[in-house]
$ cat input05.pdb   # PDB, C-alpha atoms
ATOM      1  CA  MET J   1       5.862  16.387  16.366  1.00  0.00           C
ATOM      2  CA  PRO J   2       6.661  20.091  16.536  1.00  0.00           C
ATOM      3  CA  TRP J   3       8.056  20.254  12.990  1.00  0.00           C
ATOM      4  CA  LEU J   4       4.571  19.471  11.639  1.00  0.00           C
ATOM      5  CA  THR J   5       2.765  22.269  13.475  1.00  0.00           C
ATOM      6  CA  PRO J   6       2.025  25.785  12.189  1.00  0.00           C
ATOM      7  CA  GLY J   7       4.550  28.372  13.285  1.00  0.00           C
ATOM      8  CA  PHE J   8       7.435  25.910  13.653  1.00  0.00           C
ATOM      9  CA  ASN J   9      10.660  27.910  13.621  1.00  0.00           C
ATOM     10  CA  GLY J  10      13.048  25.111  12.654  1.00  0.00           C
ATOM     11  CA  SER J  11      14.629  24.588  16.061  1.00  0.00           C
ATOM     12  CA  ALA J  12      13.461  21.084  16.950  1.00  0.00           C
ATOM     13  CA  GLY J  13      16.739  19.918  18.419  1.00  0.00           C
ATOM     14  CA  ILE J  14      19.499  21.607  20.392  1.00  0.00           C
ATOM     15  CA  ASP J  15      21.409  22.119  17.129  1.00  0.00           C
ATOM     16  CA  GLY J  16      18.274  23.361  15.270  1.00  0.00           C
ATOM     17  CA  THR J  17      17.933  20.276  13.084  1.00  0.00           C
ATOM     18  CA  LEU J  18      14.929  18.134  12.375  1.00  0.00           C
ATOM     19  CA  PRO J  19      14.611  14.675  13.953  1.00  0.00           C
ATOM     20  CA  GLY J  20      16.415  11.899  12.126  1.00  0.00           C
ATOM     21  CA  GLY J  21      19.099  14.275  10.835  1.00  0.00           C
ATOM     22  CA  GLY J  22      16.905  16.363   8.560  1.00  0.00           C
ATOM     23  CA  ASP J  23      15.771  15.283   5.142  1.00  0.00           C
ATOM     24  CA  PRO J  24      18.866  14.044   3.289  1.00  0.00           C
ATOM     25  CA  GLY J  25      17.098  11.483   1.093  1.00  0.00           C
ATOM     26  CA  GLY J  26      13.929  13.366   0.257  1.00  0.00           C
ATOM     27  CA  SER J  27      11.838  11.464   2.806  1.00  0.00           C
ATOM     28  CA  LEU J  28      11.785  12.628   6.423  1.00  0.00           C
ATOM     29  CA  ARG J  29      12.503   9.702   8.708  1.00  0.00           C
ATOM     30  CA  VAL J  30       9.924   9.487  11.446  1.00  0.00           C
ATOM     31  CA  SER J  31      11.136   7.424  14.369  1.00  0.00           C
ATOM     32  CA  ASN J  32       9.037   5.506  16.850  1.00  0.00           C
ATOM     33  CA  CYS J  33       6.137   4.875  14.515  1.00  0.00           C
ATOM     34  CA  ASN J  34       4.776   2.052  12.440  1.00  0.00           C
ATOM     35  CA  PHE J  35       2.438   1.672   9.504  1.00  0.00           C
ATOM     36  CA  GLN J  36      -0.226  -1.030   9.531  1.00  0.00           C
ATOM     37  CA  LEU J  37      -1.412  -2.242   6.137  1.00  0.00           C
ATOM     38  CA  LEU J  38      -5.052  -3.306   6.097  1.00  0.00           C
ATOM     39  CA  ILE J  39      -6.395  -4.848   2.895  1.00  0.00           C
ATOM     40  CA  GLU J  40     -10.189  -5.101   2.770  1.00  0.00           C
ATOM     41  CA  ASP J  41     -10.151  -4.393   6.568  1.00  0.00           C
ATOM     42  CA  VAL J  42      -7.766  -7.312   7.303  1.00  0.00           C
ATOM     43  CA  LEU J  43      -4.407  -6.536   8.927  1.00  0.00           C
ATOM     44  CA  THR J  44      -1.878  -7.839   6.402  1.00  0.00           C
ATOM     45  CA  GLY J  45       1.392  -6.363   7.661  1.00  0.00           C
ATOM     46  CA  VAL J  46       3.190  -3.921   9.924  1.00  0.00           C
ATOM     47  CA  PHE J  47       5.934  -1.777   8.398  1.00  0.00           C
ATOM     48  CA  TYR J  48       8.426   0.774   9.697  1.00  0.00           C
ATOM     49  CA  GLY J  49       8.920   2.744   6.489  1.00  0.00           C
ATOM     50  CA  LEU J  50       6.584   4.442   4.010  1.00  0.00           C
ATOM     51  CA  SER J  51       7.627   6.368   0.910  1.00  0.00           C
ATOM     52  CA  GLY J  52       6.134   7.620  -2.342  1.00  0.00           C
ATOM     53  CA  GLY J  53       2.439   8.299  -2.806  1.00  0.00           C
ATOM     54  CA  GLU J  54       2.731  11.664  -4.510  1.00  0.00           C
ATOM     55  CA  ILE J  55      -0.586  13.129  -5.584  1.00  0.00           C
ATOM     56  CA  GLU J  56      -0.535  15.379  -8.648  1.00  0.00           C
ATOM     57  CA  VAL J  57      -3.274  17.366 -10.346  1.00  0.00           C
ATOM     58  CA  GLY J  58      -2.553  17.536 -14.055  1.00  0.00           C
ATOM     59  CA  LEU J  59      -2.719  20.736 -16.063  1.00  0.00           C
ATOM     60  CA  ILE J  60      -4.847  21.351 -19.119  1.00  0.00           C
ATOM     61  CA  LYS J  61      -3.713  24.317 -21.200  1.00  0.00           C
ATOM     62  CA  HIS J  62      -6.449  26.479 -22.647  1.00  0.00           C
ATOM     63  CA  ASP J  63      -5.407  29.210 -25.055  1.00  0.00           C
ATOM     64  CA  VAL J  64      -7.655  32.290 -25.082  1.00  0.00           C
ATOM     65  CA  VAL J  65      -7.635  35.021 -27.744  1.00  0.00           C
ATOM     66  CA  PHE J  66      -9.398  38.244 -26.826  1.00  0.00           C
ATOM     67  CA  GLU J  67     -11.255  40.595 -29.212  1.00  0.00           C
ATOM     68  CA  SER J  68      -8.315  42.994 -29.020  1.00  0.00           C
ATOM     69  CA  GLY J  69      -6.056  40.352 -30.528  1.00  0.00           C
ATOM     70  CA  SER J  70      -4.063  39.702 -27.374  1.00  0.00           C
ATOM     71  CA  SER J  71      -3.907  36.177 -26.083  1.00  0.00           C
ATOM     72  CA  THR J  72      -3.079  34.270 -22.960  1.00  0.00           C
ATOM     73  CA  THR J  73      -2.880  30.708 -21.784  1.00  0.00           C
ATOM     74  CA  LEU J  74      -5.089  29.595 -18.939  1.00  0.00           C
ATOM     75  CA  PHE J  75      -4.551  26.446 -16.938  1.00  0.00           C
ATOM     76  CA  ILE J  76      -7.407  24.380 -15.638  1.00  0.00           C
ATOM     77  CA  PRO J  77      -7.186  21.328 -13.374  1.00  0.00           C
ATOM     78  CA  GLY J  78      -6.834  18.052 -15.210  1.00  0.00           C
ATOM     79  CA  PRO J  79      -6.869  14.451 -14.038  1.00  0.00           C
ATOM     80  CA  THR J  80      -5.413  13.625 -10.647  1.00  0.00           C
ATOM     81  CA  THR J  81      -2.724  10.936 -10.610  1.00  0.00           C
ATOM     82  CA  TYR J  82      -1.376   8.945  -7.689  1.00  0.00           C
ATOM     83  CA  SER J  83       2.216   7.694  -7.753  1.00  0.00           C
ATOM     84  CA  PRO J  84       3.120   4.245  -6.433  1.00  0.00           C
ATOM     85  CA  PHE J  85       3.926   3.999  -2.727  1.00  0.00           C
ATOM     86  CA  THR J  86       6.174   1.566  -0.902  1.00  0.00           C
ATOM     87  CA  LEU J  87       5.863   0.085   2.548  1.00  0.00           C
ATOM     88  CA  ASN J  88       9.188  -1.358   3.692  1.00  0.00           C
ATOM     89  CA  ARG J  89      11.063  -2.741   6.684  1.00  0.00           C
ATOM     90  CA  GLY J  90       8.045  -4.739   7.747  1.00  0.00           C
ATOM     91  CA  PHE J  91       6.621  -8.108   8.619  1.00  0.00           C
ATOM     92  CA  ALA J  92       3.576  -9.316   6.752  1.00  0.00           C
ATOM     93  CA  ASP J  93       1.462 -12.252   5.676  1.00  0.00           C
ATOM     94  CA  TYR J  94       3.673 -13.315   2.771  1.00  0.00           C
ATOM     95  CA  THR J  95       1.134 -15.735   1.310  1.00  0.00           C
ATOM     96  CA  ALA J  96      -1.588 -13.077   1.108  1.00  0.00           C
ATOM     97  CA  LEU J  97       0.760 -10.520  -0.491  1.00  0.00           C
ATOM     98  CA  TYR J  98       2.244 -13.087  -2.915  1.00  0.00           C
ATOM     99  CA  ASN J  99      -1.207 -14.275  -4.045  1.00  0.00           C
ATOM    100  CA  TRP J 100      -2.306 -10.664  -4.501  1.00  0.00           C
ATOM    101  CA  LEU J 101       0.779  -9.898  -6.617  1.00  0.00           C
ATOM    102  CA  MET J 102       0.229 -13.036  -8.717  1.00  0.00           C
ATOM    103  CA  ALA J 103      -3.405 -12.079  -9.350  1.00  0.00           C
ATOM    104  CA  ALA J 104      -2.128  -8.796 -10.789  1.00  0.00           C
ATOM    105  CA  SER J 105       0.625 -10.613 -12.706  1.00  0.00           C
ATOM    106  CA  TYR J 106      -1.892 -12.946 -14.366  1.00  0.00           C
ATOM    107  CA  GLY J 107      -4.109  -9.997 -15.337  1.00  0.00           C
ATOM    108  CA  ASP J 108      -6.969 -10.926 -13.023  1.00  0.00           C
ATOM    109  CA  THR J 109      -8.072  -7.336 -12.493  1.00  0.00           C
ATOM    110  CA  ILE J 110     -11.201  -8.332 -10.583  1.00  0.00           C
ATOM    111  CA  ARG J 111      -9.239 -10.066  -7.786  1.00  0.00           C
ATOM    112  CA  ALA J 112      -6.189  -7.808  -7.986  1.00  0.00           C
ATOM    113  CA  ARG J 113      -7.874  -4.448  -7.366  1.00  0.00           C
ATOM    114  CA  ARG J 114      -8.546  -4.027  -3.662  1.00  0.00           C
ATOM    115  CA  ASN J 115      -9.273  -1.241  -1.227  1.00  0.00           C
ATOM    116  CA  GLY J 116      -7.212  -0.702   1.866  1.00  0.00           C
ATOM    117  CA  THR J 117      -5.896   1.553   4.588  1.00  0.00           C
ATOM    118  CA  ILE J 118      -2.478   2.438   5.938  1.00  0.00           C
ATOM    119  CA  LYS J 119      -2.658   3.432   9.600  1.00  0.00           C
ATOM    120  CA  MET J 120       0.272   5.309  11.118  1.00  0.00           C
ATOM    121  CA  HIS J 121       0.819   4.714  14.844  1.00  0.00           C
ATOM    122  CA  ARG J 122       3.267   6.314  17.255  1.00  0.00           C
ATOM    123  CA  ASN J 123       4.538   5.288  20.671  1.00  0.00           C
ATOM    124  CA  ALA J 124       2.649   6.774  23.603  1.00  0.00           C
ATOM    125  CA  LYS J 125       4.554   9.061  25.956  1.00  0.00           C
ATOM    126  CA  SER J 126       3.929   9.770  29.623  1.00  0.00           C
ATOM    127  CA  ASP J 127       1.851  12.849  28.661  1.00  0.00           C
ATOM    128  CA  ASP J 128      -0.440  10.580  26.621  1.00  0.00           C
ATOM    129  CA  VAL J 129      -0.967   8.325  29.651  1.00  0.00           C
ATOM    130  CA  ASN J 130      -1.587  11.337  31.912  1.00  0.00           C
ATOM    131  CA  ASN J 131      -4.150  12.739  29.440  1.00  0.00           C
ATOM    132  CA  GLY J 132      -5.981   9.398  29.167  1.00  0.00           C
ATOM    133  CA  ILE J 133      -5.031   8.841  25.516  1.00  0.00           C
ATOM    134  CA  ALA J 134      -3.069   5.660  26.281  1.00  0.00           C
ATOM    135  CA  ASN J 135      -2.951   3.080  29.054  1.00  0.00           C
ATOM    136  CA  SER J 136       0.834   2.783  29.171  1.00  0.00           C
ATOM    137  CA  VAL J 137       3.999   4.371  27.815  1.00  0.00           C
ATOM    138  CA  GLY J 138       5.036   2.703  24.551  1.00  0.00           C
ATOM    139  CA  GLU J 139       1.514   1.654  23.564  1.00  0.00           C
ATOM    140  CA  TRP J 140       0.817   2.238  19.859  1.00  0.00           C
ATOM    141  CA  ILE J 141      -1.538   5.197  19.290  1.00  0.00           C
ATOM    142  CA  PRO J 142      -3.160   5.787  15.861  1.00  0.00           C
ATOM    143  CA  VAL J 143      -2.311   9.209  14.449  1.00  0.00           C
ATOM    144  CA  LEU J 144      -2.925   9.285  10.672  1.00  0.00           C
ATOM    145  CA  GLN J 145      -4.380   7.050   8.033  1.00  0.00           C
ATOM    146  CA  TRP J 146      -4.529   6.925   4.278  1.00  0.00           C
ATOM    147  CA  HIS J 147      -7.325   5.121   2.466  1.00  0.00           C
ATOM    148  CA  PHE J 148      -6.671   3.835  -1.038  1.00  0.00           C
ATOM    149  CA  ASP J 149      -9.023   2.429  -3.650  1.00  0.00           C
ATOM    150  CA  ASN J 150      -8.579  -0.164  -6.393  1.00  0.00           C
ATOM    151  CA  ALA J 151      -4.941  -0.813  -5.522  1.00  0.00           C
ATOM    152  CA  TRP J 152      -2.719  -3.665  -6.631  1.00  0.00           C
ATOM    153  CA  PRO J 153       0.925  -4.551  -5.965  1.00  0.00           C
ATOM    154  CA  THR J 154       3.636  -3.935  -8.535  1.00  0.00           C
ATOM    155  CA  LYS J 155       6.585  -5.237  -6.519  1.00  0.00           C
ATOM    156  CA  LEU J 156       7.121  -7.588  -3.570  1.00  0.00           C
ATOM    157  CA  LYS J 157      10.605  -7.761  -2.054  1.00  0.00           C
ATOM    158  CA  SER J 158      11.185 -10.862   0.040  1.00  0.00           C
ATOM    159  CA  PHE J 159      11.296 -14.571  -0.105  1.00  0.00           C
ATOM    160  CA  GLY J 160       9.493 -17.220   1.763  1.00  0.00           C
ATOM    161  CA  SER J 161       8.864 -17.998   5.298  1.00  0.00           C
ATOM    162  CA  PHE J 162      10.091 -17.199   8.744  1.00  0.00           C
ATOM    163  CA  LEU J 163      11.294 -20.038  10.956  1.00  0.00           C
ATOM    164  CA  ASN J 164       9.986 -19.724  14.497  1.00  0.00           C
ATOM    165  CA  ASP J 165      10.555 -22.348  17.214  1.00  0.00           C
ATOM    166  CA  GLY J 166      11.169 -25.062  14.632  1.00  0.00           C
ATOM    167  CA  THR J 167       7.929 -24.412  12.757  1.00  0.00           C
ATOM    168  CA  THR J 168       7.482 -22.558   9.509  1.00  0.00           C
ATOM    169  CA  THR J 169       5.091 -19.644   9.493  1.00  0.00           C
ATOM    170  CA  MET J 170       4.102 -17.447   6.587  1.00  0.00           C
ATOM    171  CA  ILE J 171       5.157 -14.212   8.252  1.00  0.00           C
ATOM    172  CA  ALA J 172       8.107 -12.771   6.355  1.00  0.00           C
ATOM    173  CA  ARG J 173      10.229  -9.626   6.314  1.00  0.00           C
ATOM    174  CA  VAL J 174       8.939  -7.758   3.250  1.00  0.00           C
ATOM    175  CA  ALA J 175       8.645  -4.562   1.280  1.00  0.00           C
ATOM    176  CA  ILE J 176       5.726  -3.987  -1.076  1.00  0.00           C
ATOM    177  CA  THR J 177       4.997  -1.330  -3.698  1.00  0.00           C
ATOM    178  CA  LEU J 178       1.371  -0.554  -4.518  1.00  0.00           C
ATOM    179  CA  VAL J 179      -0.434   1.578  -7.087  1.00  0.00           C
ATOM    180  CA  ALA J 180      -3.902   2.964  -6.417  1.00  0.00           C
ATOM    181  CA  GLU J 181      -6.575   4.789  -8.367  1.00  0.00           C
ATOM    182  CA  SER J 182      -7.205   7.170  -5.468  1.00  0.00           C
ATOM    183  CA  ILE J 183      -5.735   8.015  -2.078  1.00  0.00           C
ATOM    184  CA  SER J 184      -7.427   9.978   0.686  1.00  0.00           C
ATOM    185  CA  TYR J 185      -5.920  11.213   3.939  1.00  0.00           C
ATOM    186  CA  GLU J 186      -7.463  11.284   7.391  1.00  0.00           C
ATOM    187  CA  ARG J 187      -6.022  12.615  10.635  1.00  0.00           C
ATOM    188  CA  ILE J 188      -7.109  10.696  13.701  1.00  0.00           C
ATOM    189  CA  THR J 189      -7.829  12.916  16.675  1.00  0.00           C
ATOM    190  CA  VAL J 190      -7.157  11.300  20.009  1.00  0.00           C
TER     191      VAL J 190
END
$ encode --input "input05.pdb" --output "structure tokens"
Amino acid sequence: MPWLTPGFNGSAGIDGTLPGGGDPGGSLRVSNCNFQLLIEDVLTGVFYGLSGGEIEVGLIKHDVVFESGSSTTLFIPGPTTYSPFTLNRGFADYTALYNWLMAASYGDTIRARRNGTIKMHRNAKSDDVNNGIANSVGEWIPVLQWHFDNAWPTKLKSFGSFLNDGTTTMIARVAITLVAESISYERITV
């Protein structure tokens, strides 16, 4: 992804635009990747969209008055807050996500707060196969991951089950919004 590397000059495409048509909605669309949601190390869903998750360090104002009578305001780092994040356009274990949401809804904070990971994968290219990173073109390769602690869902968008070959399974097309007490980022080197 050349637009994520140092020294990128803005000319990713022939017309000089970023992939996916730029950033019209405030969230760069990354094609050919997916996001796996693991809750307590169990794969719970695979999604094709991820948004939100802003991390902000709060400011604490500290007014200082010097002996000369002049004053200034200093800022020191305050608490760090993590905004909700949404995984969408995915397929997931609806029962697991629904039960998790209901635990939060009923105020069961012991069962509702869970740790997890979002793993971003991209499709392998022929260069990846040639370099021994992947076995075949199109194979999913892990690239990035975010670990989150004490998270719980605030919104689940979907209903019910998916009918497959005349049987009902609990895999459903869903979107889920989560809040977490902390989020950490890790780049996976392949």
$ closest_residue --input "input05.pdb" --among "J:Thr73, J:Asn130, J:Thr154, J:Gln36" --to "Met102 of chain J" --atoms "all atoms listed in the file"
J:Thr154
$ closest_residue --input "input05.pdb" --among "J:Ser126, J:Thr81, J:Ala151, J:Val143" --to "Thr109 of chain J" --atoms "all atoms listed in the file"
J:Ala151
$ atom_distance --input "input05.pdb" --atom1 "atom CA of Met120 of chain J" --atom2 "atom CA of Glu139 of chain J"
13.0 Å
$ resolve_selection --input "input05.pdb" --expression "the PyMOL selection byres ((chain J and resi 136-138) around 8)" --output "MDAnalysis selection string"
chainID J and resid 123:126 128:129 134:135 139:140
$ write_last_selection --input "input05.pdb" --atoms "C-alpha atoms" --output "compact mmCIF listing (two decimals), in the frame of the given file"
# COMPACT_ATOMS: atom_id res chain seq x y z
CA ASN J 123 4.54 5.29 20.67
CA ALA J 124 2.65 6.77 23.60
CA LYS J 125 4.55 9.06 25.96
CA SER J 126 3.93 9.77 29.62
CA ASP J 128 -0.44 10.58 26.62
CA VAL J 129 -0.97 8.32 29.65
CA ALA J 134 -3.07 5.66 26.28
CA ASN J 135 -2.95 3.08 29.05
CA GLU J 139 1.51 1.65 23.56
CA TRP J 140 0.82 2.24 19.86
$ residues_around --input "input05.pdb" --residues "Leu156 of chain J" --least-positions-apart "5" --cutoff "7 Å" --atoms "all atoms listed in the file" --output "list in words"
Ala175, Ile176 and Thr177 of chain J
$ resolve_selection --input "input05.pdb" --expression "the PyMOL selection byres ((chain J and resi 186) around 8)" --output "PyMOL selection string"
chain J and resi 144-147+184-185+187-188
$ atom_distance --input "input05.pdb" --atom1 "atom CA of Gly52 of chain J" --atom2 "atom CA of Ser105 of chain J"
21.7 Å
$ atom_distance --input "input05.pdb" --atom1 "atom CA of Ala180 of chain J" --atom2 "atom CA of Ile141 of chain J"
25.9 Å
$ resolve_selection --input "input05.pdb" --expression "the PyMOL selection byres ((chain J and resi 181) around 9)" --output "list in words"
Thr81, Tyr82, Phe148, Asp149, Asn150, Ala151, Val179, Ala180, Ser182 and Ile183 of chain J
$ write_last_selection --input "input05.pdb" --atoms "C-alpha atoms" --output "PDB file, in the coordinates of the input"
ATOM      1  CA  THR J  81      -2.724  10.936 -10.610  1.00  0.00           C
ATOM      2  CA  TYR J  82      -1.376   8.945  -7.689  1.00  0.00           C
ATOM      3  CA  PHE J 148      -6.671   3.835  -1.038  1.00  0.00           C
ATOM      4  CA  ASP J 149      -9.023   2.429  -3.650  1.00  0.00           C
ATOM      5  CA  ASN J 150      -8.579  -0.164  -6.393  1.00  0.00           C
ATOM      6  CA  ALA J 151      -4.941  -0.813  -5.522  1.00  0.00           C
ATOM      7  CA  VAL J 179      -0.434   1.578  -7.087  1.00  0.00           C
ATOM      8  CA  ALA J 180      -3.902   2.964  -6.417  1.00  0.00           C
ATOM      9  CA  SER J 182      -7.205   7.170  -5.468  1.00  0.00           C
ATOM     10  CA  ILE J 183      -5.735   8.015  -2.078  1.00  0.00           C
TER      11      ILE J 183
END
$ closest_residue --input "input05.pdb" --among "J:Gly132, J:Pro84, J:Pro142, J:Pro77" --to "Gly53 of chain J" --atoms "only C-alpha atoms"
J:Pro84
